[in-house]
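Asker: My file is start-v8.pdb. It has PDB, C-alpha atoms, pLDDT in the B column:
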```pdb
ATOM      1  CA  MET A 751      -7.752 -23.062 -11.531  1.00 69.00           C
ATOM      2  CA  LEU A 752      -8.219 -19.378 -10.655  1.00 73.00           C
ATOM      3  CA  PHE A 753     -11.346 -19.275 -12.780  1.00 81.00           C
ATOM      4  CA  LEU A 754     -12.789 -22.197 -10.793  1.00 87.00           C
ATOM      5  CA  LEU A 755     -11.905 -20.547  -7.457  1.00 84.00           C
ATOM      6  CA  HIS A 756     -13.437 -17.279  -8.621  1.00 78.00           C
ATOM      7  CA  LEU A 757     -16.577 -19.155  -9.666  1.00 86.00           C
ATOM      8  CA  LEU A 758     -16.836 -20.844  -6.243  1.00 86.00           C
ATOM      9  CA  LEU A 759     -16.366 -17.511  -4.455  1.00 83.00           C
ATOM     10  CA  ARG A 760     -19.025 -16.004  -6.679  1.00 84.00           C
ATOM     11  CA  LEU A 761     -21.398 -18.867  -5.880  1.00 85.00           C
ATOM     12  CA  PHE A 762     -20.905 -19.025  -2.097  1.00 83.00           C
ATOM     13  CA  PHE A 763     -19.994 -15.424  -1.215  1.00 81.00           C
ATOM     14  CA  ARG A 764     -21.575 -13.573  -4.164  1.00 85.00           C
ATOM     15  CA  PHE A 765     -18.058 -12.222  -4.692  1.00 85.00           C
ATOM     16  CA  ARG A 766     -17.740  -9.340  -7.134  1.00 85.00           C
ATOM     17  CA  VAL A 767     -14.816  -7.168  -8.157  1.00 85.00           C
ATOM     18  CA  TYR A 768     -15.570  -3.588  -9.124  1.00 88.00           C
ATOM     19  CA  GLN A 769     -13.206  -1.601 -11.369  1.00 87.00           C
ATOM     20  CA  ARG A 770     -11.052  -4.656 -12.096  1.00 86.00           C
ATOM     21  CA  LYS A 771      -9.472  -2.824 -15.026  1.00 89.00           C
ATOM     22  CA  VAL A 772      -7.180  -0.805 -12.717  1.00 90.00           C
ATOM     23  CA  LEU A 773      -5.551  -4.067 -11.555  1.00 91.00           C
ATOM     24  CA  THR A 774      -4.015  -4.543 -15.017  1.00 91.00           C
ATOM     25  CA  ALA A 775      -1.800  -1.439 -14.706  1.00 91.00           C
ATOM     26  CA  PRO A 776       1.852  -2.173 -15.556  1.00 90.00           C
ATOM     27  CA  GLY A 777       4.447  -2.006 -12.775  1.00 80.00           C
ATOM     28  CA  PRO A 778       5.668  -0.520 -10.617  1.00 94.00           C
ATOM     29  CA  VAL A 779       2.344  -0.701  -8.811  1.00 94.00           C
ATOM     30  CA  LEU A 780       1.522  -0.908  -5.123  1.00 93.00           C
ATOM     31  CA  LEU A 781      -1.933  -2.232  -4.179  1.00 92.00           C
ATOM     32  CA  LEU A 782      -3.011  -1.144  -0.684  1.00 89.00           C
ATOM     33  CA  PRO A 783      -6.165  -2.997   0.443  1.00 88.00           C
ATOM     34  CA  ASN A 784      -7.753  -3.087   3.875  1.00 81.00           C
ATOM     35  CA  HIS A 785      -6.933  -6.190   5.904  1.00 73.00           C
ATOM     36  CA  VAL A 786      -9.958  -7.145   7.960  1.00 67.00           C
ATOM     37  CA  PHE A 787      -9.472 -10.872   8.147  1.00 64.00           C
ATOM     38  CA  GLY A 788      -6.735 -13.365   7.280  1.00 65.00           C
ATOM     39  CA  SER A 789      -8.501 -14.555   4.142  1.00 70.00           C
ATOM     40  CA  THR A 790      -8.656 -11.076   2.614  1.00 75.00           C
ATOM     41  CA  GLY A 791      -5.606 -11.933   0.530  1.00 78.00           C
ATOM     42  CA  PHE A 792      -7.317 -15.050  -0.798  1.00 79.00           C
ATOM     43  CA  PHE A 793     -10.230 -13.017  -2.161  1.00 81.00           C
ATOM     44  CA  LEU A 794      -7.817 -10.613  -3.844  1.00 84.00           C
ATOM     45  CA  GLY A 795      -5.567 -13.391  -5.122  1.00 84.00           C
ATOM     46  CA  VAL A 796      -8.235 -14.881  -7.364  1.00 84.00           C
ATOM     47  CA  CYS A 797      -8.680 -11.617  -9.262  1.00 84.00           C
ATOM     48  CA  LEU A 798      -5.010 -10.621  -9.696  1.00 88.00           C
ATOM     49  CA  ASP A 799      -2.629 -11.664 -12.459  1.00 89.00           C
ATOM     50  CA  ARG A 800       0.105 -14.150 -11.576  1.00 90.00           C
ATOM     51  CA  ASP A 801       2.870 -11.530 -11.469  1.00 92.00           C
ATOM     52  CA  TRP A 802       1.351  -9.795  -8.424  1.00 94.00           C
ATOM     53  CA  ARG A 803       3.102 -10.715  -5.165  1.00 94.00           C
ATOM     54  CA  PHE A 804       1.743 -10.354  -1.639  1.00 90.00           C
ATOM     55  CA  VAL A 805       4.082  -8.880   0.983  1.00 89.00           C
ATOM     56  CA  THR A 806       4.092 -11.249   3.958  1.00 86.00           C
ATOM     57  CA  SER A 807       5.911 -11.448   7.265  1.00 84.00           C
ATOM     58  CA  SER A 808       8.674 -14.049   7.270  1.00 86.00           C
ATOM     59  CA  THR A 809       8.537 -14.233  11.078  1.00 83.00           C
ATOM     60  CA  THR A 810       4.793 -14.986  11.135  1.00 80.00           C
ATOM     61  CA  ALA A 811       5.359 -17.633   8.469  1.00 79.00           C
ATOM     62  CA  GLN A 812       7.441 -19.648  10.945  1.00 84.00           C
ATOM     63  CA  VAL A 813       4.510 -20.155  13.367  1.00 84.00           C
ATOM     64  CA  SER A 814       3.417 -23.443  11.810  1.00 84.00           C
ATOM     65  CA  PRO A 815       3.799 -25.505   8.629  1.00 85.00           C
ATOM     66  CA  VAL A 816       0.416 -24.205   7.432  1.00 83.00           C
ATOM     67  CA  HIS A 817       1.532 -20.599   7.910  1.00 78.00           C
ATOM     68  CA  ARG A 818       4.769 -21.391   6.066  1.00 83.00           C
ATOM     69  CA  TRP A 819       2.865 -22.932   3.137  1.00 84.00           C
ATOM     70  CA  LEU A 820       0.462 -19.971   2.924  1.00 79.00           C
ATOM     71  CA  MET A 821       3.007 -17.199   3.434  1.00 81.00           C
ATOM     72  CA  ILE A 822       6.114 -18.377   1.605  1.00 84.00           C
ATOM     73  CA  ASN A 823       5.424 -19.382  -1.994  1.00 87.00           C
ATOM     74  CA  ARG A 824       5.780 -18.015  -5.518  1.00 89.00           C
ATOM     75  CA  ARG A 825       2.890 -15.535  -5.013  1.00 89.00           C
ATOM     76  CA  THR A 826       4.388 -13.930  -1.902  1.00 89.00           C
ATOM     77  CA  PHE A 827       7.198 -11.524  -1.083  1.00 91.00           C
ATOM     78  CA  PRO A 828       8.352 -12.452   2.457  1.00 90.00           C
ATOM     79  CA  ILE A 829      10.042  -9.729   4.512  1.00 89.00           C
ATOM     80  CA  ASP A 830      11.149  -9.304   8.107  1.00 86.00           C
ATOM     81  CA  PRO A 831       8.826  -6.532   9.375  1.00 79.00           C
ATOM     82  CA  VAL A 832      11.303  -5.275  11.973  1.00 80.00           C
ATOM     83  CA  SER A 833      14.255  -5.122   9.590  1.00 82.00           C
ATOM     84  CA  PRO A 834      15.263  -1.670   8.355  1.00 76.00           C
ATOM     85  CA  TYR A 835      16.047  -3.290   4.992  1.00 85.00           C
ATOM     86  CA  ALA A 836      12.526  -4.640   4.373  1.00 86.00           C
ATOM     87  CA  ALA A 837      11.316  -1.473   2.641  1.00 85.00           C
ATOM     88  CA  LYS A 838      14.565  -1.357   0.653  1.00 88.00           C
ATOM     89  CA  HIS A 839      13.987  -4.873  -0.716  1.00 91.00           C
ATOM     90  CA  MET A 840      10.399  -3.986  -1.643  1.00 91.00           C
ATOM     91  CA  ALA A 841      11.617  -0.794  -3.353  1.00 92.00           C
ATOM     92  CA  GLU A 842      14.147  -2.760  -5.411  1.00 94.00           C
ATOM     93  CA  TYR A 843      11.426  -5.163  -6.535  1.00 94.00           C
ATOM     94  CA  LEU A 844       9.117  -2.288  -7.481  1.00 94.00           C
ATOM     95  CA  GLN A 845      11.897  -0.465  -9.358  1.00 94.00           C
ATOM     96  CA  GLY A 846      12.265  -3.578 -11.500  1.00 94.00           C
ATOM     97  CA  GLY A 847       8.646  -3.162 -12.639  1.00 93.00           C
ATOM     98  CA  GLY A 848       7.086  -5.392  -9.993  1.00 94.00           C
ATOM     99  CA  ARG A 849       3.574  -5.257  -8.635  1.00 95.00           C
ATOM    100  CA  LEU A 850       3.076  -5.716  -4.893  1.00 94.00           C
ATOM    101  CA  VAL A 851       0.050  -6.117  -2.633  1.00 92.00           C
ATOM    102  CA  LEU A 852       0.834  -4.565   0.735  1.00 88.00           C
ATOM    103  CA  PHE A 853      -1.444  -4.725   3.776  1.00 82.00           C
ATOM    104  CA  PRO A 854       0.169  -1.778   5.642  1.00 73.00           C
ATOM    105  CA  GLU A 855      -1.466  -2.424   9.007  1.00 67.00           C
ATOM    106  CA  ALA A 856      -0.505  -6.106   8.936  1.00 55.00           C
ATOM    107  CA  VAL A 857       3.102  -5.913   7.750  1.00 51.00           C
ATOM    108  CA  PHE A 858       4.120  -2.928   9.855  1.00 49.00           C
ATOM    109  CA  ARG A 859       2.218  -3.968  12.994  1.00 48.00           C
ATOM    110  CA  TYR A 860       5.382  -4.500  15.028  1.00 48.00           C
ATOM    111  CA  ARG A 861       6.309  -0.858  14.671  1.00 50.00           C
ATOM    112  CA  GLN A 862       4.644   2.347  15.732  1.00 51.00           C
ATOM    113  CA  PRO A 863       1.452   3.171  13.746  1.00 50.00           C
ATOM    114  CA  ASP A 864       2.982   6.256  12.103  1.00 48.00           C
ATOM    115  CA  GLU A 865       5.855   4.133  10.757  1.00 49.00           C
ATOM    116  CA  ALA A 866       3.408   2.240   8.526  1.00 50.00           C
ATOM    117  CA  VAL A 867       2.810   5.498   6.678  1.00 50.00           C
ATOM    118  CA  ASP A 868       6.555   6.213   6.630  1.00 65.00           C
ATOM    119  CA  GLY A 869       7.294   2.776   5.123  1.00 72.00           C
ATOM    120  CA  THR A 870       4.646   3.105   2.425  1.00 80.00           C
ATOM    121  CA  GLY A 871       5.650   6.713   1.781  1.00 80.00           C
ATOM    122  CA  PHE A 872       9.288   5.637   1.393  1.00 81.00           C
ATOM    123  CA  LEU A 873       8.271   3.054  -1.218  1.00 85.00           C
ATOM    124  CA  LEU A 874       6.247   5.582  -3.185  1.00 86.00           C
ATOM    125  CA  ASN A 875       8.913   8.275  -3.005  1.00 86.00           C
ATOM    126  CA  LYS A 876      11.786   5.942  -3.906  1.00 88.00           C
ATOM    127  CA  THR A 877      10.068   4.057  -6.744  1.00 91.00           C
ATOM    128  CA  GLY A 878       7.426   6.377  -8.180  1.00 89.00           C
ATOM    129  CA  ALA A 879       5.034   3.441  -8.092  1.00 92.00           C
ATOM    130  CA  LYS A 880       1.378   3.881  -8.937  1.00 93.00           C
ATOM    131  CA  VAL A 881      -0.948   3.359  -5.982  1.00 92.00           C
ATOM    132  CA  ILE A 882      -4.188   1.417  -6.119  1.00 91.00           C
ATOM    133  CA  THR A 883      -6.332   1.366  -3.007  1.00 89.00           C
ATOM    134  CA  ALA A 884      -8.865  -1.385  -2.539  1.00 86.00           C
ATOM    135  CA  TYR A 885     -11.642  -1.942  -0.064  1.00 83.00           C
ATOM    136  CA  ILE A 886     -12.771  -5.493   0.679  1.00 83.00           C
ATOM    137  CA  ARG A 887     -16.380  -5.065   1.742  1.00 81.00           C
ATOM    138  CA  GLY A 888     -18.047  -7.716   3.910  1.00 75.00           C
ATOM    139  CA  ALA A 889     -14.917  -9.591   5.061  1.00 69.00           C
ATOM    140  CA  HIS A 890     -15.545  -8.511   8.664  1.00 66.00           C
ATOM    141  CA  ARG A 891     -18.558 -10.865   8.693  1.00 68.00           C
ATOM    142  CA  LEU A 892     -16.512 -14.004   8.048  1.00 68.00           C
ATOM    143  CA  PRO A 893     -16.304 -16.442  10.996  1.00 62.00           C
ATOM    144  CA  SER A 894     -13.471 -15.587  13.405  1.00 57.00           C
ATOM    145  CA  ARG A 895     -12.915 -15.252  17.134  1.00 50.00           C
ATOM    146  CA  ALA A 896     -13.644 -11.522  16.929  1.00 49.00           C
ATOM    147  CA  THR A 897     -16.968 -11.890  15.111  1.00 46.00           C
ATOM    148  CA  VAL A 898     -18.235 -14.694  17.355  1.00 47.00           C
ATOM    149  CA  MET A 899     -17.801 -12.401  20.366  1.00 47.00           C
ATOM    150  CA  THR A 900     -19.819  -9.533  18.865  1.00 50.00           C
ATOM    151  CA  LYS A 901     -23.529  -9.046  19.303  1.00 53.00           C
ATOM    152  CA  ASN A 902     -24.250  -9.366  15.578  1.00 56.00           C
ATOM    153  CA  GLY A 903     -22.171 -12.524  15.244  1.00 54.00           C
ATOM    154  CA  PHE A 904     -21.046 -13.775  11.867  1.00 56.00           C
ATOM    155  CA  HIS A 905     -22.484 -15.103   8.656  1.00 61.00           C
ATOM    156  CA  VAL A 906     -21.280 -18.414   7.250  1.00 67.00           C
ATOM    157  CA  PHE A 907     -21.313 -17.077   3.666  1.00 76.00           C
ATOM    158  CA  PRO A 908     -21.485 -13.267   3.790  1.00 75.00           C
ATOM    159  CA  SER A 909     -21.618 -11.217   0.624  1.00 73.00           C
ATOM    160  CA  ILE A 910     -18.097  -9.969  -0.165  1.00 81.00           C
ATOM    161  CA  SER A 911     -16.904  -7.524  -2.795  1.00 76.00           C
ATOM    162  CA  ALA A 912     -13.620  -5.884  -3.754  1.00 79.00           C
ATOM    163  CA  ASN A 913     -13.775  -2.233  -4.756  1.00 79.00           C
ATOM    164  CA  CYS A 914     -10.596  -1.001  -6.473  1.00 70.00           C
TER
END
```
Please express what this file holds, its structure, as structure tokens.
Answerer:
Amino acid sequence: MLFLLHLLLRLFFRFRVYQRKVLTAPGPVLLLPNHVFGSTGFFLGVCLDRDWRFVTSSTTAQVSPVHRWLMINRRTFPIDPVSPYAAKHMAEYLQGGGRLVLFPEAVFRYRQPDEAVDGTGFLLNKTGAKVITAYIRGAHRLPSRATVMTKNGFHVFPSISANC
């Protein structure tokens, strides 16, 4: 199934993953990609092994049944972003050899901006996890309310790549 999705993304969005080999590192690993658009996780999800879990907001997941289906499943790690225990639960998972995808600006958006660094720094200090940064190039051109308002507009099928 993932192969078929990856093939479709390759066909429509010319999707490529550069330096994919780093994504096979054993846990504990923390992947920190940019989060330009809501579907950024989808593009990453097709190139990650099944044991990777995406950190999601459990409060945002309650907005609608669609949000709940997308944000609470076997590939996600739901947390309450305002809970002081959220980072502790993520640290416990990482200490057990887990691999997490964390969009720092999305998960910690309810706090002050400097607390996003504190939360990620806590995880790294507590667990000794390896860090992989990723840049999703071209996702800002996907159709959304923000891109429709800009002068350049959007592209229906922009070229998208993941650089790890």
Asker: Please compute the CA of Ile886 in chain A-CA of Thr790 in chain A distance, one decimal, in Å.
Answerer: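 A separation of 7.2 Å between them.
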Asker: Kindly indicate which residue among A:Thr810, A:Thr774, A:Asn784, A:Ser911 lies nearest to Val832 in chain A, using all atoms listed in the file for the distances.
Answerer: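 Closest candidate: A:Thr810.
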Asker: Could you list, as a PyMOL selection string, every residue within 9 Å of range 814-827 of chain A, counting only C-alpha atoms and ignoring same-chain residues fewer than 4 positions away?
Answerer: chain A and resi 795+800-808+810+840+850-851
Asker: Considering all atoms listed in the file, state which residue in the set A:Lys880, A:Lys838, A:Arg849, A:His756 is at the smallest distance from Val796 in chain A.
Answerer: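 Residue with the minimum atom-to-atom distance to Val796 in chain A: A:His756.
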Asker: Give me, as CSV, the closest atom pair and its distance (Å, one decimal) for every residue of range 792-890 of chain A within a cut-off of 8 Å of range 777-783 of chain A, counting only C-alpha atoms, rows sorted by chain and rising number.
Answerer:
```
residue,atom,partner,partner_atom,distance
A:Leu844,CA,A:Pro778,CA,5.0
A:Gln845,CA,A:Pro778,CA,6.4
A:Gly846,CA,A:Pro778,CA,7.3
A:Gly847,CA,A:Gly777,CA,4.4
A:Gly848,CA,A:Pro778,CA,5.1
A:Arg849,CA,A:Val779,CA,4.7
A:Leu850,CA,A:Leu780,CA,5.1
A:Val851,CA,A:Leu781,CA,4.6
A:Leu852,CA,A:Leu782,CA,5.3
A:Phe853,CA,A:Leu782,CA,5.9
A:Pro854,CA,A:Leu782,CA,7.1
A:Thr877,CA,A:Pro778,CA,7.4
A:Gly878,CA,A:Pro778,CA,7.5
A:Ala879,CA,A:Pro778,CA,4.7
A:Lys880,CA,A:Val779,CA,4.7
A:Val881,CA,A:Leu780,CA,5.0
A:Ile882,CA,A:Leu781,CA,4.7
A:Thr883,CA,A:Leu782,CA,4.8
A:Ala884,CA,A:Pro783,CA,4.3
A:Tyr885,CA,A:Pro783,CA,5.6
A:Ile886,CA,A:Pro783,CA,7.1
```
Asker: Would you work out the distance separating CA of Gly888 in chain A from CA of Phe907 in chain A, expressed in Å to one decimal?
Answerer: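 According to the coordinates, CA of Gly888 in chain A and CA of Phe907 in chain A are separated by 9.9 Å.
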Asker: What does the structure give for the distance between CA of Ile829 in chain A and CA of Asn913 in chain A, in Å to one decimal?
Answerer: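 So the answer is 26.6 Å.
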Asker: Can you tell me, as a PDB file with C-alpha atoms, in the frame of the given file, what residues are no more than 10 Å from Arg766 in chain A when counting only C-alpha atoms, ignoring any on the same chain fewer than 5 positions away?
Answerer:
```pdb
ATOM      1  CA  HIS A 756     -13.437 -17.279  -8.621  1.00 78.00           C
ATOM      2  CA  LEU A 759     -16.366 -17.511  -4.455  1.00 83.00           C
ATOM      3  CA  ARG A 760     -19.025 -16.004  -6.679  1.00 84.00           C
ATOM      4  CA  PHE A 793     -10.230 -13.017  -2.161  1.00 81.00           C
ATOM      5  CA  CYS A 797      -8.680 -11.617  -9.262  1.00 84.00           C
ATOM      6  CA  ARG A 887     -16.380  -5.065   1.742  1.00 81.00           C
ATOM      7  CA  SER A 909     -21.618 -11.217   0.624  1.00 73.00           C
ATOM      8  CA  ILE A 910     -18.097  -9.969  -0.165  1.00 81.00           C
ATOM      9  CA  SER A 911     -16.904  -7.524  -2.795  1.00 76.00           C
ATOM     10  CA  ALA A 912     -13.620  -5.884  -3.754  1.00 79.00           C
ATOM     11  CA  ASN A 913     -13.775  -2.233  -4.756  1.00 79.00           C
TER      12      ASN A 913
END
```
Asker: Kindly indicate which residue among A:Ala837, A:Phe753, A:Asp799, A:Pro908 lies nearest to Leu874 in chain A, using all atoms listed in the file for the distances.
Answerer: A:Ala837
Asker: Assuming 8 Å of padding per side, give the centre and edge lengths of the axis-aligned box around every listed atom of range 787-806 of chain A, in Å to one decimal and as JSON.
Answerer:
```
{"center_x": -3.1, "center_y": -12.0, "center_z": -2.2, "size_x": 30.3, "size_y": 22.2, "size_z": 36.6}
```
Asker: Nearest residue to Leu755 in chain A out of A:Thr870, A:Arg770, A:Pro834, A:Phe792, using only C-alpha atoms?
Answerer: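 Nearest to Leu755 in chain A: A:Phe792.
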